[in-house]
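Text of the file model.cif, holding mmCIF, C-alpha atoms (C1' of nucleotides):
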data_my_file
loop_
_atom_site.label_atom_id
_atom_site.label_comp_id
_atom_site.auth_asym_id
_atom_site.auth_seq_id
_atom_site.Cartn_x
_atom_site.Cartn_y
_atom_site.Cartn_z
CA MET A 1 27.82 -192.68 -40.25
CA ASN A 2 30.16 -191.56 -42.96
CA ALA A 3 30.79 -187.85 -43.02
CA ASN A 4 29.85 -187.65 -46.68
CA SER A 5 26.48 -189.28 -46.16
CA ASN A 6 25.43 -187.05 -43.29
CA PRO A 7 22.09 -185.65 -44.46
CA LYS A 8 22.64 -182.17 -43.02
CA ARG A 9 26.03 -182.04 -44.63
CA GLN A 10 24.52 -183.04 -47.94
CA ALA A 11 21.78 -180.45 -47.57
CA ILE A 12 24.39 -177.78 -46.90
CA LEU A 13 26.42 -178.85 -49.90
CA GLU A 14 23.38 -178.74 -52.16
CA ALA A 15 22.32 -175.33 -50.88
CA ALA A 16 25.85 -173.97 -51.11
CA LYS A 17 26.18 -175.22 -54.68
CA ARG A 18 23.01 -173.39 -55.66
CA VAL A 19 23.96 -170.15 -53.93
CA PHE A 20 27.55 -170.15 -55.21
CA LEU A 21 26.37 -170.85 -58.77
CA ASP A 22 23.84 -168.06 -58.56
CA HIS A 23 25.90 -165.38 -56.87
CA GLY A 24 29.57 -166.31 -57.13
CA TYR A 25 31.94 -166.74 -54.22
CA SER A 26 31.94 -163.18 -52.89
CA GLY A 27 28.27 -162.66 -53.59
CA ALA A 28 27.23 -165.75 -51.68
CA SER A 29 26.91 -165.22 -47.94
CA MET A 30 27.21 -167.94 -45.37
CA GLU A 31 23.99 -166.53 -43.96
CA SER A 32 22.06 -167.15 -47.17
CA ILE A 33 23.56 -170.62 -47.55
CA ALA A 34 22.50 -171.54 -44.02
CA GLU A 35 19.06 -170.16 -44.73
CA ALA A 36 18.74 -172.18 -47.92
CA ALA A 37 19.95 -175.47 -46.40
CA PRO A 38 18.08 -174.82 -44.02
CA VAL A 39 20.31 -174.92 -40.96
CA SER A 40 21.64 -172.40 -38.53
CA LYS A 41 24.99 -170.78 -39.06
CA PRO A 42 26.74 -172.64 -36.21
CA THR A 43 25.62 -175.92 -37.78
CA LEU A 44 27.05 -174.79 -41.06
CA TYR A 45 30.34 -173.92 -39.40
CA HIS A 46 30.32 -177.24 -37.59
CA HIS A 47 30.49 -179.08 -40.92
CA PHE A 48 32.74 -176.64 -42.78
CA LYS A 49 35.25 -174.60 -40.88
CA CYS A 50 35.18 -171.60 -43.22
CA LYS A 51 33.74 -170.27 -46.44
CA GLN A 52 36.73 -171.27 -48.53
CA ASP A 53 36.51 -174.87 -47.37
CA LEU A 54 32.83 -174.99 -48.20
CA PHE A 55 33.51 -173.66 -51.66
CA ALA A 56 36.23 -176.24 -52.23
CA ALA A 57 33.91 -178.99 -51.02
CA VAL A 58 31.24 -177.92 -53.50
CA ILE A 59 33.67 -178.00 -56.41
CA LEU A 60 35.25 -181.31 -55.43
CA ASP A 61 31.82 -182.86 -54.91
CA ARG A 62 30.89 -181.87 -58.43
CA CYS A 63 34.12 -183.35 -59.79
CA GLU A 64 33.50 -186.65 -57.99
CA ASN A 65 30.02 -186.81 -59.48
CA LEU A 66 31.40 -186.14 -62.94
CA LEU A 67 34.14 -188.73 -62.69
CA SER A 68 31.76 -191.38 -61.39
CA THR A 69 29.40 -190.92 -64.34
CA LEU A 70 32.05 -190.73 -67.06
CA LEU A 71 31.40 -193.51 -69.51
CA ASN A 72 34.11 -194.98 -71.60
CA VAL A 73 33.08 -194.16 -75.11
CA GLN A 74 33.00 -197.10 -77.48
CA THR A 75 35.04 -196.66 -80.62
CA ALA A 76 35.70 -198.90 -83.59
CA ARG A 77 38.39 -198.48 -86.21
CA GLU A 78 36.11 -199.86 -88.89
CA ASP A 79 33.68 -196.95 -88.69
CA PRO A 80 35.50 -193.67 -88.04
CA ALA A 81 32.50 -191.49 -88.82
CA ALA A 82 30.25 -193.18 -86.27
CA SER A 83 32.98 -193.42 -83.66
CA LEU A 84 33.94 -189.79 -84.02
CA LYS A 85 30.29 -188.82 -83.70
CA THR A 86 30.02 -190.85 -80.51
CA ILE A 87 33.04 -189.11 -79.02
CA ALA A 88 31.76 -185.74 -80.21
CA SER A 89 28.40 -186.40 -78.62
CA ALA A 90 29.98 -187.17 -75.25
CA TYR A 91 32.07 -184.01 -75.49
CA VAL A 92 29.09 -181.86 -76.39
CA GLU A 93 26.99 -183.21 -73.55
CA MET A 94 29.82 -182.51 -71.14
CA LEU A 95 30.20 -178.93 -72.33
CA TYR A 96 26.70 -177.71 -72.91
CA SER A 97 24.54 -179.11 -70.14
CA LYS A 98 22.96 -176.40 -68.08
CA GLU A 99 24.79 -177.42 -64.94
CA SER A 100 28.12 -177.65 -66.74
CA LEU A 101 27.75 -174.12 -68.05
CA GLU A 102 26.94 -172.84 -64.58
CA PHE A 103 29.95 -174.56 -63.07
CA TYR A 104 32.29 -173.37 -65.79
CA ARG A 105 31.08 -169.81 -65.19
CA LEU A 106 31.77 -170.16 -61.51
CA ILE A 107 35.26 -171.58 -62.03
CA ILE A 108 36.12 -168.89 -64.56
CA ALA A 109 34.74 -166.21 -62.26
CA GLU A 110 36.83 -167.37 -59.30
CA GLN A 111 39.97 -168.13 -61.24
CA ARG A 112 41.81 -165.42 -59.33
CA HIS A 113 40.67 -166.53 -55.89
CA PHE A 114 41.00 -170.26 -56.59
CA PRO A 115 43.51 -170.75 -59.41
CA ASP A 116 43.80 -174.50 -58.92
CA PHE A 117 40.19 -175.43 -59.49
CA GLY A 118 40.27 -174.77 -63.21
CA ASN A 119 42.62 -177.67 -63.63
CA VAL A 120 40.67 -179.89 -61.24
CA VAL A 121 37.38 -179.33 -63.02
CA TYR A 122 38.94 -179.65 -66.43
CA ARG A 123 40.52 -182.97 -65.57
CA ALA A 124 37.17 -184.27 -64.37
CA SER A 125 35.18 -183.14 -67.39
CA ALA A 126 36.61 -182.32 -70.79
CA ALA A 127 40.12 -183.74 -70.43
CA PRO A 128 39.23 -187.45 -70.30
CA ILE A 129 37.20 -187.19 -73.48
CA PHE A 130 39.92 -185.19 -75.18
CA GLU A 131 42.47 -187.81 -74.28
CA GLN A 132 40.35 -190.61 -75.58
CA LEU A 133 39.87 -188.70 -78.79
CA SER A 134 43.61 -188.21 -79.19
CA ALA A 135 44.24 -191.90 -78.63
CA TYR A 136 41.63 -192.85 -81.20
CA LEU A 137 42.93 -190.39 -83.79
CA GLY A 138 46.38 -191.82 -83.20
CA GLU A 139 45.02 -195.27 -84.01
CA LEU A 140 43.29 -194.05 -87.15
CA ASN A 141 46.51 -192.47 -88.31
CA ALA A 142 48.69 -195.45 -87.48
CA GLU A 143 46.33 -197.78 -89.31
CA GLY A 144 46.37 -195.54 -92.36
CA ILE A 145 42.64 -194.85 -92.19
CA LEU A 146 43.14 -191.12 -91.92
CA HIS A 147 46.14 -188.90 -92.59
CA ILE A 148 46.77 -186.96 -89.39
CA PRO A 149 50.29 -185.59 -89.29
CA ASP A 150 49.70 -183.79 -85.98
CA VAL A 151 47.30 -185.69 -83.75
CA GLU A 152 47.44 -183.07 -81.02
CA ALA A 153 46.47 -180.27 -83.39
CA ALA A 154 43.76 -182.39 -85.00
CA SER A 155 42.24 -183.12 -81.59
CA GLN A 156 42.32 -179.42 -80.80
CA PHE A 157 40.46 -178.61 -84.00
CA PHE A 158 37.99 -181.41 -83.44
CA CYS A 159 37.08 -180.11 -79.99
CA GLY A 160 37.36 -176.51 -81.06
CA MET A 161 34.76 -176.87 -83.76
CA LEU A 162 32.38 -178.33 -81.18
CA GLN A 163 33.17 -175.80 -78.55
CA GLY A 164 33.98 -172.29 -79.62
CA ARG A 165 32.35 -170.00 -80.67
CA LYS A 166 29.05 -171.44 -79.48
CA HIS A 167 30.29 -172.51 -76.08
CA PHE A 168 31.82 -169.10 -75.54
CA ARG A 169 28.50 -167.51 -76.44
CA CYS A 170 26.73 -169.77 -73.98
CA LEU A 171 29.15 -168.81 -71.22
CA MET A 172 28.54 -165.15 -71.97
CA GLY A 173 24.79 -165.68 -71.79
CA LEU A 174 24.16 -164.90 -75.46
CA GLN A 175 22.35 -168.15 -76.04
CA PRO A 176 21.10 -170.99 -73.86
CA GLY A 177 22.51 -174.49 -74.26
CA LEU A 178 21.99 -176.45 -77.46
CA ASN A 179 18.87 -178.49 -78.11
CA GLN A 180 19.03 -182.02 -79.50
CA THR A 181 18.66 -180.99 -83.14
CA GLU A 182 21.35 -178.34 -82.87
CA LYS A 183 23.71 -180.83 -81.24
CA GLU A 184 23.21 -183.39 -83.99
CA GLU A 185 23.61 -180.90 -86.81
CA LEU A 186 26.73 -179.48 -85.20
CA ILE A 187 28.25 -182.92 -84.79
CA ASN A 188 27.37 -184.14 -88.27
CA ALA A 189 28.73 -181.06 -90.01
CA MET A 190 31.86 -181.11 -87.89
CA VAL A 191 32.68 -184.78 -88.47
CA SER A 192 32.06 -184.38 -92.17
CA LEU A 193 34.47 -181.45 -92.41
CA PHE A 194 36.97 -183.22 -90.20
CA LEU A 195 37.00 -186.40 -92.29
CA LYS A 196 37.38 -184.41 -95.48
CA GLY A 197 40.18 -182.34 -94.00
CA TYR A 198 42.17 -185.36 -92.80
CA ASP A 199 41.39 -187.71 -95.65
CA TYR A 200 44.12 -189.14 -97.80
CA MET B 1 35.04 -129.67 -69.62
CA ASN B 2 33.41 -132.78 -70.98
CA ALA B 3 32.31 -135.23 -68.33
CA ASN B 4 34.26 -138.01 -70.00
CA SER B 5 37.51 -136.11 -69.97
CA ASN B 6 37.37 -135.14 -66.32
CA PRO B 7 40.69 -136.42 -64.98
CA LYS B 8 39.26 -137.59 -61.65
CA ARG B 9 36.50 -139.40 -63.43
CA GLN B 10 39.05 -141.08 -65.68
CA ALA B 11 41.19 -142.01 -62.70
CA ILE B 12 38.17 -143.56 -61.02
CA LEU B 13 37.28 -145.50 -64.16
CA GLU B 14 40.80 -146.84 -64.46
CA ALA B 15 40.97 -147.84 -60.82
CA ALA B 16 37.51 -149.37 -60.93
CA LYS B 17 38.44 -151.38 -64.01
CA ARG B 18 41.47 -152.82 -62.25
CA VAL B 19 39.61 -153.66 -59.05
CA PHE B 20 36.60 -155.19 -60.83
CA LEU B 21 38.85 -157.30 -63.06
CA ASP B 22 40.82 -158.51 -60.06
CA HIS B 23 37.99 -159.20 -57.63
CA GLY B 24 34.72 -159.35 -59.56
CA TYR B 25 31.69 -157.22 -58.93
CA SER B 26 30.81 -158.42 -55.43
CA GLY B 27 34.40 -158.76 -54.36
CA ALA B 28 35.25 -155.20 -55.35
CA SER B 29 34.38 -152.62 -52.73
CA MET B 30 33.71 -148.97 -53.44
CA GLU B 31 36.14 -148.33 -50.63
CA SER B 32 39.00 -150.09 -52.36
CA ILE B 33 38.18 -148.41 -55.66
CA ALA B 34 38.25 -144.99 -54.04
CA GLU B 35 41.53 -145.89 -52.40
CA ALA B 36 43.05 -147.02 -55.69
CA ALA B 37 41.88 -143.96 -57.67
CA PRO B 38 42.89 -142.29 -55.27
CA VAL B 39 39.90 -140.21 -54.25
CA SER B 40 37.57 -140.10 -51.30
CA LYS B 41 34.34 -142.01 -51.33
CA PRO B 42 32.09 -138.96 -51.64
CA THR B 43 34.04 -137.94 -54.72
CA LEU B 44 33.52 -141.37 -56.15
CA TYR B 45 29.79 -141.13 -55.48
CA HIS B 46 29.74 -137.68 -56.97
CA HIS B 47 30.79 -139.09 -60.34
CA PHE B 48 28.89 -142.39 -60.20
CA LYS B 49 25.69 -142.59 -58.26
CA CYS B 50 26.03 -146.23 -57.29
CA LYS B 51 28.17 -149.32 -57.69
CA GLN B 52 26.09 -150.74 -60.51
CA ASP B 53 26.44 -147.57 -62.56
CA LEU B 54 30.18 -147.57 -62.05
CA PHE B 55 30.38 -151.16 -63.23
CA ALA B 56 28.32 -150.38 -66.31
CA ALA B 57 30.54 -147.38 -67.05
CA VAL B 58 33.66 -149.55 -66.88
CA ILE B 59 32.23 -152.09 -69.31
CA LEU B 60 30.91 -149.50 -71.74
CA ASP B 61 34.20 -147.63 -71.63
CA ARG B 62 36.00 -150.81 -72.61
CA CYS B 63 33.56 -151.38 -75.47
CA GLU B 64 34.08 -147.87 -76.78
CA ASN B 65 37.81 -148.38 -76.74
CA LEU B 66 37.47 -151.66 -78.61
CA LEU B 67 35.17 -150.27 -81.25
CA SER B 68 37.38 -147.25 -81.85
CA THR B 69 40.42 -149.44 -82.50
CA LEU B 70 38.73 -152.05 -84.67
CA LEU B 71 40.48 -152.12 -88.00
CA ASN B 72 38.72 -153.19 -91.11
CA VAL B 73 40.64 -156.22 -92.20
CA GLN B 74 41.81 -156.17 -95.77
CA THR B 75 40.76 -159.15 -97.82
CA ALA B 76 41.32 -160.13 -101.43
CA ARG B 77 39.50 -162.76 -103.38
CA GLU B 78 42.61 -163.65 -105.30
CA ASP B 79 44.44 -164.96 -102.27
CA PRO B 80 42.06 -166.78 -99.91
CA ALA B 81 44.80 -168.33 -97.80
CA ALA B 82 46.43 -165.00 -96.99
CA SER B 83 43.12 -163.23 -96.47
CA LEU B 84 41.81 -165.92 -94.17
CA LYS B 85 45.02 -165.75 -92.19
CA THR B 86 44.62 -162.01 -91.82
CA ILE B 87 41.10 -162.38 -90.52
CA ALA B 88 42.19 -165.23 -88.27
CA SER B 89 44.97 -163.10 -86.88
CA ALA B 90 42.60 -160.27 -86.00
CA TYR B 91 40.26 -162.72 -84.34
CA VAL B 92 43.03 -164.34 -82.33
CA GLU B 93 44.37 -161.00 -81.14
CA MET B 94 40.89 -159.99 -80.03
CA LEU B 95 40.38 -163.20 -78.09
CA TYR B 96 43.68 -163.92 -76.45
CA SER B 97 45.09 -160.61 -75.32
CA LYS B 98 45.59 -160.49 -71.59
CA GLU B 99 43.09 -157.70 -71.12
CA SER B 100 40.50 -159.43 -73.30
CA LEU B 101 40.74 -162.58 -71.24
CA GLU B 102 40.30 -160.61 -68.04
CA PHE B 103 37.25 -158.80 -69.38
CA TYR B 104 35.68 -161.97 -70.70
CA ARG B 105 36.14 -163.57 -67.30
CA LEU B 106 34.44 -160.63 -65.65
CA ILE B 107 31.51 -160.65 -68.04
CA ILE B 108 31.05 -164.40 -67.69
CA ALA B 109 31.31 -164.11 -63.93
CA GLU B 110 28.63 -161.44 -63.72
CA GLN B 111 26.34 -162.89 -66.34
CA ARG B 112 23.64 -163.40 -63.69
CA HIS B 113 23.88 -159.90 -62.27
CA PHE B 114 24.29 -158.15 -65.63
CA PRO B 115 22.80 -160.37 -68.34
CA ASP B 116 22.92 -157.68 -71.03
CA PHE B 117 26.63 -157.02 -71.00
CA GLY B 118 27.55 -160.30 -72.65
CA ASN B 119 25.87 -159.14 -75.79
CA VAL B 120 27.32 -155.64 -75.55
CA VAL B 121 30.88 -156.87 -75.18
CA TYR B 122 30.48 -159.51 -77.83
CA ARG B 123 29.19 -156.99 -80.33
CA ALA B 124 32.17 -154.77 -79.67
CA SER B 125 34.80 -157.50 -79.95
CA ALA B 126 34.34 -160.83 -81.69
CA ALA B 127 31.11 -160.16 -83.59
CA PRO B 128 32.44 -157.61 -86.10
CA ILE B 129 35.26 -159.91 -87.13
CA PHE B 130 32.91 -162.86 -87.36
CA GLU B 131 30.58 -160.92 -89.61
CA GLN B 132 33.37 -159.83 -91.88
CA LEU B 133 34.52 -163.44 -92.10
CA SER B 134 31.01 -164.60 -93.04
CA ALA B 135 30.76 -161.96 -95.74
CA TYR B 136 34.13 -162.93 -97.17
CA LEU B 137 33.31 -166.65 -97.13
CA GLY B 138 30.07 -165.81 -98.92
CA GLU B 139 32.09 -164.07 -101.61
CA LEU B 140 34.48 -166.98 -101.97
CA ASN B 141 31.56 -169.34 -102.35
CA ALA B 142 29.67 -167.17 -104.81
CA GLU B 143 32.78 -166.76 -106.94
CA GLY B 144 33.31 -170.50 -106.99
CA ILE B 145 36.68 -170.24 -105.27
CA LEU B 146 35.62 -172.46 -102.40
CA HIS B 147 32.69 -174.80 -101.98
CA ILE B 148 30.87 -173.65 -98.85
CA PRO B 149 27.31 -174.94 -98.78
CA ASP B 150 26.65 -173.44 -95.33
CA VAL B 151 28.53 -170.20 -94.80
CA GLU B 152 27.22 -169.77 -91.27
CA ALA B 153 28.44 -173.21 -90.21
CA ALA B 154 31.77 -172.70 -91.95
CA SER B 155 32.29 -169.41 -90.12
CA GLN B 156 31.47 -171.14 -86.86
CA PHE B 157 34.05 -173.82 -87.53
CA PHE B 158 36.63 -171.28 -88.62
CA CYS B 159 36.28 -169.33 -85.39
CA GLY B 160 35.82 -172.46 -83.33
CA MET B 161 39.13 -173.90 -84.38
CA LEU B 162 40.83 -170.68 -83.32
CA GLN B 163 38.94 -170.37 -80.11
CA GLY B 164 37.98 -173.50 -78.29
CA ARG B 165 39.49 -175.49 -76.63
CA LYS B 166 42.50 -173.22 -76.09
CA HIS B 167 40.47 -170.12 -75.33
CA PHE B 168 38.38 -172.06 -72.86
CA ARG B 169 41.54 -173.28 -71.19
CA CYS B 170 42.83 -169.71 -70.99
CA LEU B 171 39.60 -168.55 -69.39
CA MET B 172 39.86 -171.34 -66.83
CA GLY B 173 43.43 -170.35 -66.04
CA LEU B 174 44.97 -173.56 -67.37
CA GLN B 175 47.33 -171.71 -69.64
CA PRO B 176 48.30 -168.09 -70.23
CA GLY B 177 47.58 -166.38 -73.53
CA LEU B 178 49.28 -167.51 -76.71
CA ASN B 179 52.71 -166.29 -77.73
CA GLN B 180 53.48 -165.19 -81.26
CA THR B 181 54.74 -168.57 -82.45
CA GLU B 182 51.73 -170.40 -81.05
CA LYS B 183 49.39 -167.94 -82.72
CA GLU B 184 51.04 -168.37 -86.11
CA GLU B 185 51.12 -172.15 -85.91
CA LEU B 186 47.51 -172.25 -84.84
CA ILE B 187 46.43 -169.99 -87.69
CA ASN B 188 48.46 -171.77 -90.35
CA ALA B 189 47.24 -175.22 -89.39
CA MET B 190 43.67 -174.02 -89.14
CA VAL B 191 43.59 -172.28 -92.52
CA SER B 192 45.21 -175.27 -94.14
CA LEU B 193 42.58 -177.64 -92.75
CA PHE B 194 39.80 -175.21 -93.57
CA LEU B 195 40.85 -174.82 -97.21
CA LYS B 196 41.15 -178.55 -97.63
CA GLY B 197 37.77 -179.13 -96.01
CA TYR B 198 35.98 -176.61 -98.24
CA ASP B 199 37.89 -177.22 -101.43
CA TYR B 200 36.12 -178.38 -104.57
"C1'" DG C 1 34.16 -130.69 -56.04
"C1'" DT C 2 36.45 -132.62 -52.42
"C1'" DC C 3 37.06 -133.78 -47.93
"C1'" DT C 4 36.26 -136.12 -42.69
"C1'" DA C 5 33.13 -138.63 -40.27
"C1'" DT C 6 29.54 -141.73 -39.81
"C1'" DA C 7 24.95 -143.96 -40.38
"C1'" DG C 8 22.73 -148.36 -41.13
"C1'" DA C 9 23.02 -152.87 -42.89
"C1'" DT C 10 25.31 -157.11 -43.55
"C1'" DC C 11 29.30 -159.82 -43.55
"C1'" DG C 12 32.22 -164.13 -41.62
"C1'" DA C 13 32.78 -166.39 -37.61
"C1'" DT C 14 31.97 -167.65 -32.52
"C1'" DA C 15 30.31 -168.14 -27.36
"C1'" DG C 16 27.54 -170.61 -24.63
"C1'" DA C 17 22.98 -172.99 -23.58
"C1'" DC C 18 20.72 -177.34 -24.34
"C1'" DG D 1 24.89 -181.50 -33.06
"C1'" DT D 2 21.94 -177.84 -33.12
"C1'" DC D 3 20.25 -173.79 -31.59
"C1'" DT D 4 19.76 -168.20 -30.12
"C1'" DA D 5 22.33 -164.33 -29.71
"C1'" DT D 6 26.07 -161.53 -30.80
"C1'" DC D 7 30.94 -159.84 -31.78
"C1'" DG D 8 33.99 -157.02 -34.61
"C1'" DA D 9 34.88 -155.89 -39.24
"C1'" DT D 10 33.47 -154.20 -43.52
"C1'" DC D 11 30.11 -152.94 -46.78
"C1'" DT D 12 27.23 -149.19 -49.63
"C1'" DA D 13 25.91 -144.78 -49.39
"C1'" DT D 14 25.32 -140.07 -47.25
"C1'" DA D 15 25.47 -135.66 -44.14
"C1'" DG D 16 27.70 -131.59 -43.55
"C1'" DA D 17 32.02 -128.62 -43.42
"C1'" DC D 18 35.07 -126.16 -46.52
#
Step by step, read the file and then write its structure as structure tokens.
Amino acid sequence: MNANSNPKRQAILEAAKRVFLDHGYSGASMESIAEAAPVSKPTLYHHFKCKQDLFAAVILDRCENLLSTLLNVQTAREDPAASLKTIASAYVEMLYSKESLEFYRLIIAEQRHFPDFGNVVYRASAAPIFEQLSAYLGELNAEGILHIPDVEAASQFFCGMLQGRKHFRCLMGLQPGLNQTEKEELINAMVSLFLKGYDY
Amino acid sequence: MNANSNPKRQAILEAAKRVFLDHGYSGASMESIAEAAPVSKPTLYHHFKCKQDLFAAVILDRCENLLSTLLNVQTAREDPAASLKTIASAYVEMLYSKESLEFYRLIIAEQRHFPDFGNVVYRASAAPIFEQLSAYLGELNAEGILHIPDVEAASQFFCGMLQGRKHFRCLMGLQPGLNQTEKEELINAMVSLFLKGYDY
DNA sequence: GTCTATAGATCGATAGAC
DNA sequence: GTCTATCGATCTATAGAC
């Protein structure tokens, strides 16, 4: 039996994820994780040699899940508005899902204890979409469909308009995630402004 | 002597701020705070009856400091580009200073334990600038200087372009704050795109 | 007000039986 | 592999002397 498919190990990972997301690294006790799994503490320590390793396993497990479900967004040069909306939609889903927000909070919270995980999580979530966006904007510019003198900056603004200040407010707990209508309105208004701003 | 000007109390607040910012709420021990102040634990508990109260005092102290130093940004209808840059600059300073980033991380980290503080901190930092921006954009629209059908959305995009994705990356520890050149370039490019997007 | 000393609970991690 | 039981350290908070 593969170590990753061991049911007790999976149960521990699931329980640890929940407890870490709810209470942070320091606030989560190995006792409460074992209780939630439910297994005894020695069983927990049999699968993960220490608390840090368990935390790392939870984060990396999440990243594997994200990477395995990342779809390659379909884009077409002929219809920039629709393609940009498709990319924007993927980005918004990645940012604002309830579980994403919880994980981002955890990573931000533990940035001092685990400085490397920010990069790991970012590369498994927002970065791939950002890179695809940059590539597509580069195409649009090269083909003369839009006038984008600085593709990097344009991509930043594109994502920025989707992300902050709303995403920041979600992280701070000032509002829950976005509902479907809010997402669509946000995306439509953003793409419209973007196309006007980078039009010839 | 006013309670707030008691030097030991101030020393405790300063030490507590540092320890909370470095280790989070659960990771910070009253012991280490007392040690850093430096005072004994009973003295600490004489000034703050429990850990939660001390945490709240640290956050509220920060908010008072912020509110007392908030400048009213000068704007002029005759020069939208310069005025928008001034507002943008104030917003960027508020978001990206090293201490701001640390506080935001702490608030986001403890959003489950202290759900009210997100709102408190937001109202003492980004919200006032956002509201002034909205008011100014409303003026520009009413005067026919810019065409802004949805002032709320436009303000969101304005702040969003300054904030996410860079601010998000700062929170996650992927990059430090912005240096002066980066700030200026960000603001100039943003205002330029914004004016083009909302031009008549 | 400030200290030394400590109570009582809980933490991460382990020994040893099965 | 999984359990009961427990170690030593550390935590929040307090008692009592000065």
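Applied to this file, the PyMOL selection byres ((chain D) within 12 of (chain B)) selects DT10, DC11, DT12, DA13, DT14, DA15 and DG16 of chain D.
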Problem set entry | Answer as a PyMOL selection string, residues within 10 Å of (44.5, -191.0, -84.5) using only C-alpha atoms (C1' of nucleotides) | chain A and resi 77+132-152+154-155
Any chance you could tabulate, as a Markdown table, the residues of chain B at most 8 Å from chain A with each one's nearest atom pair and distance in Å to one decimal, using only C-alpha atoms, in chain and rising number order?
| residue | atom | partner | partner_atom | distance |
| --- | --- | --- | --- | --- |
| B:Asp22 | CA | A:Arg112 | CA | 7.0 |
| B:His23 | CA | A:Arg112 | CA | 7.5 |
| B:Gly24 | CA | A:Ala109 | CA | 7.4 |
| B:Ser26 | CA | A:Gly27 | CA | 5.3 |
| B:Gly27 | CA | A:Ser26 | CA | 5.3 |
| B:Tyr104 | CA | A:Met172 | CA | 7.9 |
| B:Arg105 | CA | A:Ala109 | CA | 5.9 |
| B:Leu106 | CA | A:Ala109 | CA | 6.5 |
| B:Ile107 | CA | A:Met172 | CA | 6.7 |
| B:Ile108 | CA | A:Met172 | CA | 5.0 |
| B:Ala109 | CA | A:Ala109 | CA | 4.4 |
| B:Glu110 | CA | A:Ala109 | CA | 7.9 |
| B:Gln111 | CA | A:Gly173 | CA | 6.3 |
| B:Arg112 | CA | A:Asp22 | CA | 6.9 |
| B:His113 | CA | A:His23 | CA | 8.0 |
| B:Pro115 | CA | A:Gly173 | CA | 6.6 |
| B:Gly118 | CA | A:Met172 | CA | 5.0 |
| B:Asn119 | CA | A:Leu174 | CA | 6.0 |
| B:Ala153 | CA | A:Ala189 | CA | 7.9 |
| B:Gln156 | CA | A:Arg165 | CA | 6.4 |
| B:Phe157 | CA | A:Met161 | CA | 4.9 |
| B:Phe158 | CA | A:Met161 | CA | 7.6 |
| B:Cys159 | CA | A:Arg165 | CA | 6.2 |
| B:Gly160 | CA | A:Gly164 | CA | 4.1 |
| B:Met161 | CA | A:Gly160 | CA | 4.6 |
| B:Leu162 | CA | A:Gly160 | CA | 7.2 |
| B:Gln163 | CA | A:Gly164 | CA | 5.3 |
| B:Gly164 | CA | A:Gly160 | CA | 4.1 |
| B:Arg165 | CA | A:Gly160 | CA | 5.0 |
| B:Lys166 | CA | A:Gln156 | CA | 7.8 |
| B:Phe168 | CA | A:Phe168 | CA | 7.7 |
| B:Leu171 | CA | A:Ile108 | CA | 6.0 |
| B:Met172 | CA | A:Gly118 | CA | 5.0 |
| B:Gly173 | CA | A:Gly118 | CA | 6.1 |
| B:Leu174 | CA | A:Asn119 | CA | 6.0 |
| B:Ala189 | CA | A:Ala153 | CA | 7.9 |
| B:Met190 | CA | A:Phe157 | CA | 7.6 |
| B:Leu193 | CA | A:Gly197 | CA | 5.4 |
| B:Phe194 | CA | A:Gly197 | CA | 7.2 |
| B:Lys196 | CA | A:Gly197 | CA | 5.3 |
| B:Gly197 | CA | A:Gly197 | CA | 4.5 |
| B:Tyr198 | CA | A:Leu193 | CA | 7.7 |
Residue selection dump (C-alpha atoms) as a compact mmCIF listing (two decimals), in the coordinates of the input:
# COMPACT_ATOMS: atom_id res chain seq x y z
CA ASP B 22 40.82 -158.51 -60.06
CA HIS B 23 37.99 -159.20 -57.63
CA GLY B 24 34.72 -159.35 -59.56
CA SER B 26 30.81 -158.42 -55.43
CA GLY B 27 34.40 -158.76 -54.36
CA TYR B 104 35.68 -161.97 -70.70
CA ARG B 105 36.14 -163.57 -67.30
CA LEU B 106 34.44 -160.63 -65.65
CA ILE B 107 31.51 -160.65 -68.04
CA ILE B 108 31.05 -164.40 -67.69
CA ALA B 109 31.31 -164.11 -63.93
CA GLU B 110 28.63 -161.44 -63.72
CA GLN B 111 26.34 -162.89 -66.34
CA ARG B 112 23.64 -163.40 -63.69
CA HIS B 113 23.88 -159.90 -62.27
CA PRO B 115 22.80 -160.37 -68.34
CA GLY B 118 27.55 -160.30 -72.65
CA ASN B 119 25.87 -159.14 -75.79
CA ALA B 153 28.44 -173.21 -90.21
CA GLN B 156 31.47 -171.14 -86.86
CA PHE B 157 34.05 -173.82 -87.53
CA PHE B 158 36.63 -171.28 -88.62
CA CYS B 159 36.28 -169.33 -85.39
CA GLY B 160 35.82 -172.46 -83.33
CA MET B 161 39.13 -173.90 -84.38
CA LEU B 162 40.83 -170.68 -83.32
CA GLN B 163 38.94 -170.37 -80.11
CA GLY B 164 37.98 -173.50 -78.29
CA ARG B 165 39.49 -175.49 -76.63
CA LYS B 166 42.50 -173.22 -76.09
CA PHE B 168 38.38 -172.06 -72.86
CA LEU B 171 39.60 -168.55 -69.39
CA MET B 172 39.86 -171.34 -66.83
CA GLY B 173 43.43 -170.35 -66.04
CA LEU B 174 44.97 -173.56 -67.37
CA ALA B 189 47.24 -175.22 -89.39
CA MET B 190 43.67 -174.02 -89.14
CA LEU B 193 42.58 -177.64 -92.75
CA PHE B 194 39.80 -175.21 -93.57
CA LYS B 196 41.15 -178.55 -97.63
CA GLY B 197 37.77 -179.13 -96.01
CA TYR B 198 35.98 -176.61 -98.24
Exercise. For the file shown, what are the residues hit by the PyMOL selection byres ((chain C) within 10 of (chain B)), laid out as number ranges by chain?
Worked result: C: 1-4
For this session: Using the chain letters and numbering of this document, enumerate as number ranges by chain the residues selected by the PyMOL selection byres ((chain A and resi 95) around 9).
Result: A: 90-94, 96-98, 100-101, 104, 125-126, 163, 167
